Amino acid sequence: MSNHRIVTISPQGTAPDDASRWAVVFPAYIDGTRTRAEGRRIPREAAAEEPNAWEMYEAATKHLGLAAALVDKAYPRSWYDRVVVQTSKGPVRAGCIRVKIKDEQGEPVKTKDGTAIQNRKHLFRLVAALIPEIKAALLNAREKYIENNQTPKEKKKVQKKKKKKNKKKKKKKRCSYQYIIVWRAT
């Protein structure tokens, strides 16, 4: 087993000792903002925008139904990219995940929908495809939490800010449209 600490392991997983043989997925492998030289392993079209270890863990465990573990290890080229995860033992850092892609007999593990994981790059593509959905869900949950925990005064302030933004957007659209017409006329 490696000397890096396994932060948490999914319920589908077995003993943490087995996790040392699982496939490692760093966020850099599926990050669409990085180049191949910076560590991206899949095509930019299939990659996700700035994923983190927690989002990848959610994709692998909850959406794909695979056994996965968060690991306190960062990608060497971006050693500072780690996410703090709240566990029962307190907050811990996690920089990558390990995912079980082969069973004890060496056969590919299947996802919830029955798709067999062919290889590591296939896993990278599956996880990257789910990241935008997870980011949207986290954003919605954050907004709902903020809305539910605001005082009436704070809610009014937020509504006023939204109205101002909408007015500014409308004004900008009108101005740019008039500018385009004037430009075309001259």
# chains A, B, ... in the order shown; residues from 1 in each chain; ligands from 1
>>> closest_atom_pairs(of="range 24-67 of chain A", to="range 117-129 of chain A", cutoff="6 Å", atoms="only C-alpha atoms", output="Markdown table")
| residue | atom | partner | partner_atom | distance |
| --- | --- | --- | --- | --- |
| A:Ile30 | CA | A:Ala128 | CA | 6.0 |
| A:Ala47 | CA | A:Ala128 | CA | 5.5 |
| A:Ala48 | CA | A:Ala128 | CA | 5.1 |
| A:Ala59 | CA | A:Val127 | CA | 5.7 |
>>> atom_distance(atom1="CA of Ile42 in chain A", atom2="CA of Leu70 in chain A")
21.2 Å
>>> select_by_dssp(residues="range 35-154 of chain A", states="strand (DSSP E or B)", output="PyMOL selection string")
chain A and resi 48+68-71+83-87+90-94+96-99+102+108+110+116
>>> atom_distance(atom1="CA of Arg40 in chain A", atom2="CA of Ala69 in chain A")
21.0 Å
>>> closest_atom_pairs(of="range 53-112 of chain A", to="range 19-23 of chain A", cutoff="10 Å", atoms="only C-alpha atoms", output="tab-separated table")
residue	atom	partner	partner_atom	distance
A:Ala67	CA	A:Ala19	CA	9.1
A:Ala68	CA	A:Ala19	CA	7.9
A:Ala69	CA	A:Ala19	CA	7.1
A:Leu70	CA	A:Ala19	CA	9.9
A:Val71	CA	A:Ala19	CA	9.6
A:Ile97	CA	A:Ala23	CA	8.2
A:Arg98	CA	A:Ala23	CA	5.3
A:Val99	CA	A:Ala23	CA	5.2
A:Lys100	CA	A:Trp22	CA	4.8
A:Ile101	CA	A:Trp22	CA	6.7
A:Lys102	CA	A:Trp22	CA	7.8
A:Asp103	CA	A:Trp22	CA	9.8
>>> write_last_selection(atoms="N, CA, C and O atoms", output="PDB file, in the first residue's frame")
ATOM      1  N   ALA A  67     -16.961   1.518  -6.720  1.00  0.00           N
ATOM      2  CA  ALA A  67     -16.229   1.630  -5.460  1.00  0.00           C
ATOM      3  C   ALA A  67     -15.117   2.643  -5.667  1.00  0.00           C
ATOM      4  O   ALA A  67     -14.354   2.549  -6.623  1.00  0.00           O
ATOM      5  N   ALA A  68     -15.039   3.638  -4.789  1.00  0.00           N
ATOM      6  CA  ALA A  68     -14.035   4.689  -4.930  1.00  0.00           C
ATOM      7  C   ALA A  68     -13.542   5.131  -3.561  1.00  0.00           C
ATOM      8  O   ALA A  68     -14.215   4.912  -2.553  1.00  0.00           O
ATOM      9  N   ALA A  69     -12.375   5.745  -3.537  1.00  0.00           N
ATOM     10  CA  ALA A  69     -11.788   6.251  -2.300  1.00  0.00           C
ATOM     11  C   ALA A  69     -11.159   7.605  -2.572  1.00  0.00           C
ATOM     12  O   ALA A  69     -10.508   7.802  -3.607  1.00  0.00           O
ATOM     13  N   LEU A  70     -11.368   8.552  -1.666  1.00  0.00           N
ATOM     14  CA  LEU A  70     -10.674   9.844  -1.724  1.00  0.00           C
ATOM     15  C   LEU A  70      -9.292   9.653  -1.121  1.00  0.00           C
ATOM     16  O   LEU A  70      -9.150   9.015  -0.076  1.00  0.00           O
ATOM     17  N   VAL A  71      -8.280  10.212  -1.754  1.00  0.00           N
ATOM     18  CA  VAL A  71      -6.910  10.027  -1.291  1.00  0.00           C
ATOM     19  C   VAL A  71      -6.255  11.383  -1.078  1.00  0.00           C
ATOM     20  O   VAL A  71      -6.429  12.306  -1.873  1.00  0.00           O
ATOM     21  N   ILE A  97      -8.783  10.641  -6.503  1.00  0.00           N
ATOM     22  CA  ILE A  97      -9.590   9.495  -6.090  1.00  0.00           C
ATOM     23  C   ILE A  97      -8.985   8.229  -6.669  1.00  0.00           C
ATOM     24  O   ILE A  97      -8.230   8.274  -7.636  1.00  0.00           O
ATOM     25  N   ARG A  98      -9.296   7.119  -6.043  1.00  0.00           N
ATOM     26  CA  ARG A  98      -8.957   5.799  -6.577  1.00  0.00           C
ATOM     27  C   ARG A  98     -10.264   5.088  -6.832  1.00  0.00           C
ATOM     28  O   ARG A  98     -11.169   5.129  -6.004  1.00  0.00           O
ATOM     29  N   VAL A  99     -10.375   4.456  -8.003  1.00  0.00           N
ATOM     30  CA  VAL A  99     -11.617   3.801  -8.402  1.00  0.00           C
ATOM     31  C   VAL A  99     -11.319   2.357  -8.771  1.00  0.00           C
ATOM     32  O   VAL A  99     -10.350   2.075  -9.478  1.00  0.00           O
ATOM     33  N   LYS A 100     -12.179   1.472  -8.311  1.00  0.00           N
ATOM     34  CA  LYS A 100     -12.030   0.048  -8.617  1.00  0.00           C
ATOM     35  C   LYS A 100     -12.605  -0.202 -10.006  1.00  0.00           C
ATOM     36  O   LYS A 100     -13.797  -0.021 -10.232  1.00  0.00           O
ATOM     37  N   ILE A 101     -11.736  -0.617 -10.958  1.00  0.00           N
ATOM     38  CA  ILE A 101     -12.212  -0.878 -12.320  1.00  0.00           C
ATOM     39  C   ILE A 101     -12.100  -2.351 -12.709  1.00  0.00           C
ATOM     40  O   ILE A 101     -12.584  -2.739 -13.764  1.00  0.00           O
ATOM     41  N   LYS A 102     -11.478  -3.156 -11.866  1.00  0.00           N
ATOM     42  CA  LYS A 102     -11.375  -4.611 -12.105  1.00  0.00           C
ATOM     43  C   LYS A 102     -11.789  -5.333 -10.827  1.00  0.00           C
ATOM     44  O   LYS A 102     -11.424  -4.916  -9.723  1.00  0.00           O
ATOM     45  N   ASP A 103     -12.528  -6.429 -10.976  1.00  0.00           N
ATOM     46  CA  ASP A 103     -12.888  -7.217  -9.812  1.00  0.00           C
ATOM     47  C   ASP A 103     -11.767  -8.198  -9.464  1.00  0.00           C
ATOM     48  O   ASP A 103     -10.699  -8.177 -10.077  1.00  0.00           O
TER      49      ASP A 103
END
>>> select_by_dssp(residues="range 9-170 of chain A", states="helix (DSSP H, G or I)", output="number ranges by chain")
A: 16-21, 27-30, 53-63, 76-78, 120-148, 152-170
>>> closest_residue(among="A:Asn52, A:Glu58, A:Leu64, A:Thr33", to="Gly114 in chain A", atoms="only C-alpha atoms")
A:Leu64
